[in-house]
file start.pdb (PDB, C-alpha atoms)
ATOM      1  CA  MET R   1       0.000   0.000   0.000  1.00  0.00           C
ATOM      2  CA  GLU R   2       2.900   2.378   0.745  1.00  0.00           C
ATOM      3  CA  GLU R   3       4.182   1.914  -2.797  1.00  0.00           C
ATOM      4  CA  ILE R   4       0.757   2.788  -4.223  1.00  0.00           C
ATOM      5  CA  LEU R   5       0.535   5.888  -2.001  1.00  0.00           C
ATOM      6  CA  ARG R   6       3.973   7.054  -3.127  1.00  0.00           C
ATOM      7  CA  ALA R   7       3.180   6.443  -6.787  1.00  0.00           C
ATOM      8  CA  TYR R   8      -0.295   7.983  -6.939  1.00  0.00           C
ATOM      9  CA  GLY R   9      -0.857   9.987  -3.752  1.00  0.00           C
ATOM     10  CA  ASP R  10       0.189  13.400  -5.061  1.00  0.00           C
ATOM     11  CA  MET R  11      -1.689  12.981  -8.318  1.00  0.00           C
ATOM     12  CA  VAL R  12      -4.915  11.934  -6.553  1.00  0.00           C
ATOM     13  CA  TYR R  13      -4.624  14.838  -4.124  1.00  0.00           C
ATOM     14  CA  ARG R  14      -4.057  17.347  -6.960  1.00  0.00           C
ATOM     15  CA  VAL R  15      -7.077  16.175  -8.947  1.00  0.00           C
ATOM     16  CA  ALA R  16      -9.189  16.221  -5.776  1.00  0.00           C
ATOM     17  CA  LEU R  17      -8.000  19.748  -5.019  1.00  0.00           C
ATOM     18  CA  THR R  18      -9.076  20.914  -8.472  1.00  0.00           C
ATOM     19  CA  HIS R  19     -12.578  19.651  -7.705  1.00  0.00           C
ATOM     20  CA  THR R  20     -12.956  20.625  -4.057  1.00  0.00           C
ATOM     21  CA  ALA R  21     -10.935  23.853  -3.712  1.00  0.00           C
ATOM     22  CA  THR R  22     -10.128  23.208  -0.049  1.00  0.00           C
ATOM     23  CA  ARG R  23      -7.198  21.234   1.252  1.00  0.00           C
ATOM     24  CA  GLU R  24      -9.289  19.464   3.867  1.00  0.00           C
ATOM     25  CA  ASP R  25     -11.869  18.258   1.357  1.00  0.00           C
ATOM     26  CA  ALA R  26      -9.129  17.215  -1.069  1.00  0.00           C
ATOM     27  CA  GLU R  27      -7.437  15.205   1.683  1.00  0.00           C
ATOM     28  CA  ASP R  28     -10.742  13.547   2.566  1.00  0.00           C
ATOM     29  CA  ALA R  29     -11.397  12.679  -1.074  1.00  0.00           C
ATOM     30  CA  ALA R  30      -7.872  11.289  -1.507  1.00  0.00           C
ATOM     31  CA  GLN R  31      -8.345   9.106   1.563  1.00  0.00           C
ATOM     32  CA  GLU R  32     -11.624   7.820   0.104  1.00  0.00           C
ATOM     33  CA  VAL R  33      -9.828   6.902  -3.127  1.00  0.00           C
ATOM     34  CA  PHE R  34      -7.208   4.860  -1.315  1.00  0.00           C
ATOM     35  CA  LEU R  35      -9.826   3.225   0.890  1.00  0.00           C
ATOM     36  CA  ALA R  36     -11.643   2.199  -2.296  1.00  0.00           C
ATOM     37  CA  TYR R  37      -8.383   0.765  -3.591  1.00  0.00           C
ATOM     38  CA  ALA R  38      -7.786  -1.134  -0.335  1.00  0.00           C
ATOM     39  CA  ARG R  39     -11.320  -2.575  -0.409  1.00  0.00           C
ATOM     40  CA  GLN R  40     -11.365  -3.530  -4.091  1.00  0.00           C
ATOM     41  CA  ARG R  41      -7.700  -4.386  -4.743  1.00  0.00           C
ATOM     42  CA  PRO R  42      -8.159  -4.062  -8.523  1.00  0.00           C
ATOM     43  CA  ALA R  43      -5.671  -5.815 -10.793  1.00  0.00           C
ATOM     44  CA  PHE R  44      -3.966  -3.386 -13.162  1.00  0.00           C
ATOM     45  CA  SER R  45      -2.488  -4.297 -16.525  1.00  0.00           C
ATOM     46  CA  GLY R  46       0.155  -1.584 -16.228  1.00  0.00           C
ATOM     47  CA  GLY R  47       1.052   1.823 -14.832  1.00  0.00           C
ATOM     48  CA  ASP R  48      -1.207   3.705 -17.225  1.00  0.00           C
ATOM     49  CA  HIS R  49      -4.163   1.504 -16.307  1.00  0.00           C
ATOM     50  CA  ALA R  50      -3.527   2.108 -12.596  1.00  0.00           C
ATOM     51  CA  LYS R  51      -3.153   5.858 -13.090  1.00  0.00           C
ATOM     52  CA  ALA R  52      -6.393   6.006 -15.075  1.00  0.00           C
ATOM     53  CA  TRP R  53      -8.214   4.017 -12.380  1.00  0.00           C
ATOM     54  CA  PHE R  54      -7.052   6.350  -9.606  1.00  0.00           C
ATOM     55  CA  LEU R  55      -8.012   9.447 -11.621  1.00  0.00           C
ATOM     56  CA  ARG R  56     -11.473   8.082 -12.490  1.00  0.00           C
ATOM     57  CA  VAL R  57     -12.179   7.115  -8.891  1.00  0.00           C
ATOM     58  CA  ALA R  58     -10.970  10.496  -7.605  1.00  0.00           C
ATOM     59  CA  VAL R  59     -13.246  12.377 -10.014  1.00  0.00           C
ATOM     60  CA  ARG R  60     -16.224  10.185  -9.067  1.00  0.00           C
ATOM     61  CA  ILE R  61     -15.639  10.568  -5.332  1.00  0.00           C
ATOM     62  CA  CYS R  62     -15.400  14.343  -5.688  1.00  0.00           C
ATOM     63  CA  ALA R  63     -18.627  14.386  -7.705  1.00  0.00           C
ATOM     64  CA  LYS R  64     -20.414  12.322  -5.058  1.00  0.00           C
ATOM     65  CA  SER R  65     -19.125  14.669  -2.367  1.00  0.00           C
ATOM     66  CA  ARG R  66     -20.463  17.697  -4.283  1.00  0.00           C
ATOM     67  CA  MET R  67     -23.874  16.057  -4.691  1.00  0.00           C
ATOM     68  CA  LYS R  68     -23.981  15.246  -0.981  1.00  0.00           C
ATOM     69  CA  ARG R  69     -23.134  18.855  -0.105  1.00  0.00           C
ATOM     70  CA  LYS R  70     -25.870  20.140  -2.387  1.00  0.00           C
ATOM     71  CA  ARG R  71     -28.422  17.842  -0.758  1.00  0.00           C
ATOM     72  CA  GLN R  72     -27.293  19.026   2.675  1.00  0.00           C
ATOM     73  CA  GLY R  73     -27.436  22.648   1.580  1.00  0.00           C
ATOM     74  CA  THR R  74     -23.790  23.432   2.253  1.00  0.00           C
ATOM     75  CA  ALA R  75     -21.729  25.423  -0.234  1.00  0.00           C
ATOM     76  CA  GLU R  76     -18.199  24.752  -1.349  1.00  0.00           C
ATOM     77  CA  LEU R  77     -15.569  27.465  -1.463  1.00  0.00           C
ATOM     78  CA  HIS R  78     -15.410  27.522  -5.253  1.00  0.00           C
ATOM     79  CA  ASP R  79     -19.186  27.894  -5.528  1.00  0.00           C
ATOM     80  CA  ASN R  80     -18.627  31.512  -4.480  1.00  0.00           C
ATOM     81  CA  ILE R  81     -15.664  32.250  -6.740  1.00  0.00           C
ATOM     82  CA  PRO R  82     -16.427  35.014  -9.211  1.00  0.00           C
ATOM     83  CA  SER R  83     -16.841  34.140 -12.865  1.00  0.00           C
ATOM     84  CA  SER R  84     -16.282  35.801 -16.246  1.00  0.00           C
ATOM     85  CA  GLY R  85     -14.532  39.105 -15.937  1.00  0.00           C
ATOM     86  CA  ASP R  86     -14.891  39.332 -12.155  1.00  0.00           C
ATOM     87  CA  VAL R  87     -11.578  37.678 -11.308  1.00  0.00           C
ATOM     88  CA  PRO R  88      -9.383  40.323  -9.684  1.00  0.00           C
ATOM     89  CA  GLY R  89      -5.907  40.859 -11.089  1.00  0.00           C
ATOM     90  CA  GLY R  90      -6.122  37.981 -13.565  1.00  0.00           C
ATOM     91  CA  ASP R  91      -5.579  35.348 -10.862  1.00  0.00           C
ATOM     92  CA  VAL R  92      -5.120  32.121 -12.845  1.00  0.00           C
ATOM     93  CA  ARG R  93      -6.111  29.837  -9.946  1.00  0.00           C
ATOM     94  CA  LEU R  94      -9.370  31.698  -9.431  1.00  0.00           C
ATOM     95  CA  ALA R  95      -9.986  31.674 -13.171  1.00  0.00           C
ATOM     96  CA  PHE R  96      -9.383  27.920 -13.290  1.00  0.00           C
ATOM     97  CA  MET R  97     -11.630  27.325 -10.276  1.00  0.00           C
ATOM     98  CA  SER R  98     -14.411  29.311 -11.950  1.00  0.00           C
ATOM     99  CA  LEU R  99     -14.586  26.807 -14.826  1.00  0.00           C
ATOM    100  CA  GLU R 100     -17.410  24.271 -14.905  1.00  0.00           C
ATOM    101  CA  LYS R 101     -16.493  20.960 -13.253  1.00  0.00           C
ATOM    102  CA  LYS R 102     -16.387  19.059 -16.557  1.00  0.00           C
ATOM    103  CA  GLN R 103     -14.145  21.689 -18.146  1.00  0.00           C
ATOM    104  CA  LYS R 104     -11.881  21.760 -15.099  1.00  0.00           C
ATOM    105  CA  THR R 105     -11.381  18.004 -15.258  1.00  0.00           C
ATOM    106  CA  ALA R 106     -10.560  18.064 -18.974  1.00  0.00           C
ATOM    107  CA  VAL R 107      -8.113  20.958 -18.562  1.00  0.00           C
ATOM    108  CA  TYR R 108      -6.399  19.302 -15.611  1.00  0.00           C
ATOM    109  CA  LEU R 109      -5.984  15.952 -17.359  1.00  0.00           C
ATOM    110  CA  PHE R 110      -4.898  17.494 -20.665  1.00  0.00           C
ATOM    111  CA  TYR R 111      -2.528  20.232 -19.546  1.00  0.00           C
ATOM    112  CA  TYR R 112      -1.288  19.049 -16.168  1.00  0.00           C
ATOM    113  CA  GLU R 113      -1.302  15.257 -16.429  1.00  0.00           C
ATOM    114  CA  ARG R 114      -0.547  15.438 -20.198  1.00  0.00           C
ATOM    115  CA  TYR R 115      -3.121  12.869 -21.276  1.00  0.00           C
ATOM    116  CA  SER R 116      -4.245  12.789 -24.889  1.00  0.00           C
ATOM    117  CA  VAL R 117      -7.826  13.553 -25.881  1.00  0.00           C
ATOM    118  CA  ARG R 118      -8.371   9.836 -26.556  1.00  0.00           C
ATOM    119  CA  GLN R 119      -7.042   8.833 -23.119  1.00  0.00           C
ATOM    120  CA  ILE R 120      -9.217  11.423 -21.365  1.00  0.00           C
ATOM    121  CA  ALA R 121     -12.266  10.226 -23.298  1.00  0.00           C
ATOM    122  CA  ASP R 122     -11.583   6.642 -22.220  1.00  0.00           C
ATOM    123  CA  MET R 123     -11.070   7.657 -18.581  1.00  0.00           C
ATOM    124  CA  LEU R 124     -14.247   9.703 -18.398  1.00  0.00           C
ATOM    125  CA  GLY R 125     -16.360   7.412 -20.565  1.00  0.00           C
ATOM    126  CA  ILE R 126     -17.146  10.116 -23.135  1.00  0.00           C
ATOM    127  CA  THR R 127     -16.326  10.703 -26.803  1.00  0.00           C
ATOM    128  CA  ASP R 128     -13.215  12.393 -28.160  1.00  0.00           C
ATOM    129  CA  ALA R 129     -15.470  15.147 -29.517  1.00  0.00           C
ATOM    130  CA  ALA R 130     -16.883  15.790 -26.031  1.00  0.00           C
ATOM    131  CA  VAL R 131     -13.369  16.161 -24.585  1.00  0.00           C
ATOM    132  CA  LYS R 132     -12.374  18.537 -27.388  1.00  0.00           C
ATOM    133  CA  LYS R 133     -15.514  20.606 -26.829  1.00  0.00           C
ATOM    134  CA  ARG R 134     -14.834  20.826 -23.072  1.00  0.00           C
ATOM    135  CA  LEU R 135     -11.272  21.979 -23.741  1.00  0.00           C
ATOM    136  CA  GLU R 136     -12.460  24.480 -26.337  1.00  0.00           C
ATOM    137  CA  ARG R 137     -15.060  25.943 -23.971  1.00  0.00           C
ATOM    138  CA  ALA R 138     -12.571  26.053 -21.104  1.00  0.00           C
ATOM    139  CA  ARG R 139     -10.009  27.899 -23.236  1.00  0.00           C
ATOM    140  CA  GLN R 140     -12.666  30.385 -24.320  1.00  0.00           C
ATOM    141  CA  SER R 141     -13.749  30.952 -20.716  1.00  0.00           C
ATOM    142  CA  LEU R 142     -10.142  31.489 -19.640  1.00  0.00           C
ATOM    143  CA  ARG R 143      -9.612  33.906 -22.547  1.00  0.00           C
ATOM    144  CA  ASP R 144     -12.694  35.849 -21.479  1.00  0.00           C
ATOM    145  CA  ILE R 145     -11.655  35.930 -17.824  1.00  0.00           C
ATOM    146  CA  LEU R 146      -7.927  36.527 -18.193  1.00  0.00           C
ATOM    147  CA  GLY R 147      -7.786  38.185 -21.590  1.00  0.00           C
ATOM    148  CA  GLY R 148      -5.129  35.810 -22.901  1.00  0.00           C
ATOM    149  CA  ASP R 149      -4.658  33.105 -25.513  1.00  0.00           C
ATOM    150  CA  PHE R 150      -4.838  29.468 -24.388  1.00  0.00           C
ATOM    151  CA  ASP R 151      -4.128  27.280 -27.360  1.00  0.00           C
ATOM    152  CA  GLU R 152      -3.022  23.665 -27.220  1.00  0.00           C
ATOM    153  CA  PRO R 153       0.565  23.122 -26.068  1.00  0.00           C
ATOM    154  CA  ALA R 154       3.208  22.796 -28.782  1.00  0.00           C
TER     155      ALA R 154
END

call {"tool": "encode", "arguments": {"input": "start.pdb", "output": "structure tokens"}}
result
Amino acid sequence: MEEILRAYGDMVYRVALTHTATREDAEDAAQEVFLAYARQRPAFSGGDHAKAWFLRVAVRICAKSRMKRKRQGTAELHDNIPSSGDVPGGDVRLAFMSLEKKQKTAVYLFYYERYSVRQIADMLGITDAAVKKRLERARQSLRDILGGDFDEPA
């Protein structure tokens, strides 16, 4: 288990943080992911398969946590983050956090984890076209908020 935590702990925490916006909630979500791993003990066919499993589970756990909060009537920090044009001083983190959840996930996986559109589509169970559309909309939102150009990396 220690080897798994070393290999995937930071990545799971980072993806959880992009979805929760608080360190405490991200830590809770990461713990849930590794508890799920400990309970299920899935067999992986390689490092990429394991990484994809951990990312998928992290995204799902964060989504379940958001739904639970909505049912309980509690707000998350990023629910109150300003959107389009209201981000003071062009703060990139605030701009990123203001993206829709689906866009945020696509941007994180594409730009930070460096997955291809095809890999992201497989992980999220959507089409390549849906991933491309999410990235396109996210780039446009970031352009609107920050006034910059966010094209695909070279």

call {"tool": "residues_around", "arguments": {"input": "start.pdb", "residues": "Leu55 (chain R)", "least_positions_apart": "5", "cutoff": "12 Å", "atoms": "only C-alpha atoms", "output": "PyMOL selection string"}}
result
chain R and resi 8-16+18-19+29-30+33-34+37+48-50+60-62+105-106+108-109+113+115+119-120+122-124

call {"tool": "atom_distance", "arguments": {"input": "start.pdb", "atom1": "CA of Ala95 (chain R)", "atom2": "CA of Leu142 (chain R)"}}
result
6.5 Å

call {"tool": "atom_distance", "arguments": {"input": "start.pdb", "atom1": "CA of Ala58 (chain R)", "atom2": "CA of Leu135 (chain R)"}}
result
19.8 Å

call {"tool": "closest_residue", "arguments": {"input": "start.pdb", "among": "R:Val117, R:Leu146, R:Ala43, R:Ala38", "to": "Glu2 (chain R)", "atoms": "all atoms listed in the file"}}
result
R:Ala38

call {"tool": "atom_distance", "arguments": {"input": "start.pdb", "atom1": "CA of Leu99 (chain R)", "atom2": "CA of Trp53 (chain R)"}}
result
23.8 Å

call {"tool": "closest_residue", "arguments": {"input": "start.pdb", "among": "R:Arg118, R:Asp144, R:Met97, R:Lys133", "to": "Leu17 (chain R)", "atoms": "all atoms listed in the file"}}
result
R:Met97

call {"tool": "closest_residue", "arguments": {"input": "start.pdb", "among": "R:Ile126, R:Leu35, R:Ala63, R:Ala138", "to": "Lys104 (chain R)", "atoms": "only C-alpha atoms"}}
result
R:Ala138

call {"tool": "closest_residue", "arguments": {"input": "start.pdb", "among": "R:Ala7, R:Arg143, R:Val131, R:Glu27", "to": "Phe96 (chain R)", "atoms": "all atoms listed in the file"}}
result
R:Arg143

call {"tool": "closest_residue", "arguments": {"input": "start.pdb", "among": "R:Val57, R:Leu94, R:Met1, R:Met67", "to": "Ile145 (chain R)", "atoms": "all atoms listed in the file"}}
result
R:Leu94

call {"tool": "closest_residue", "arguments": {"input": "start.pdb", "among": "R:Gly47, R:Gly147, R:Pro42, R:Gly125", "to": "Asp91 (chain R)", "atoms": "all atoms listed in the file"}}
result
R:Gly147
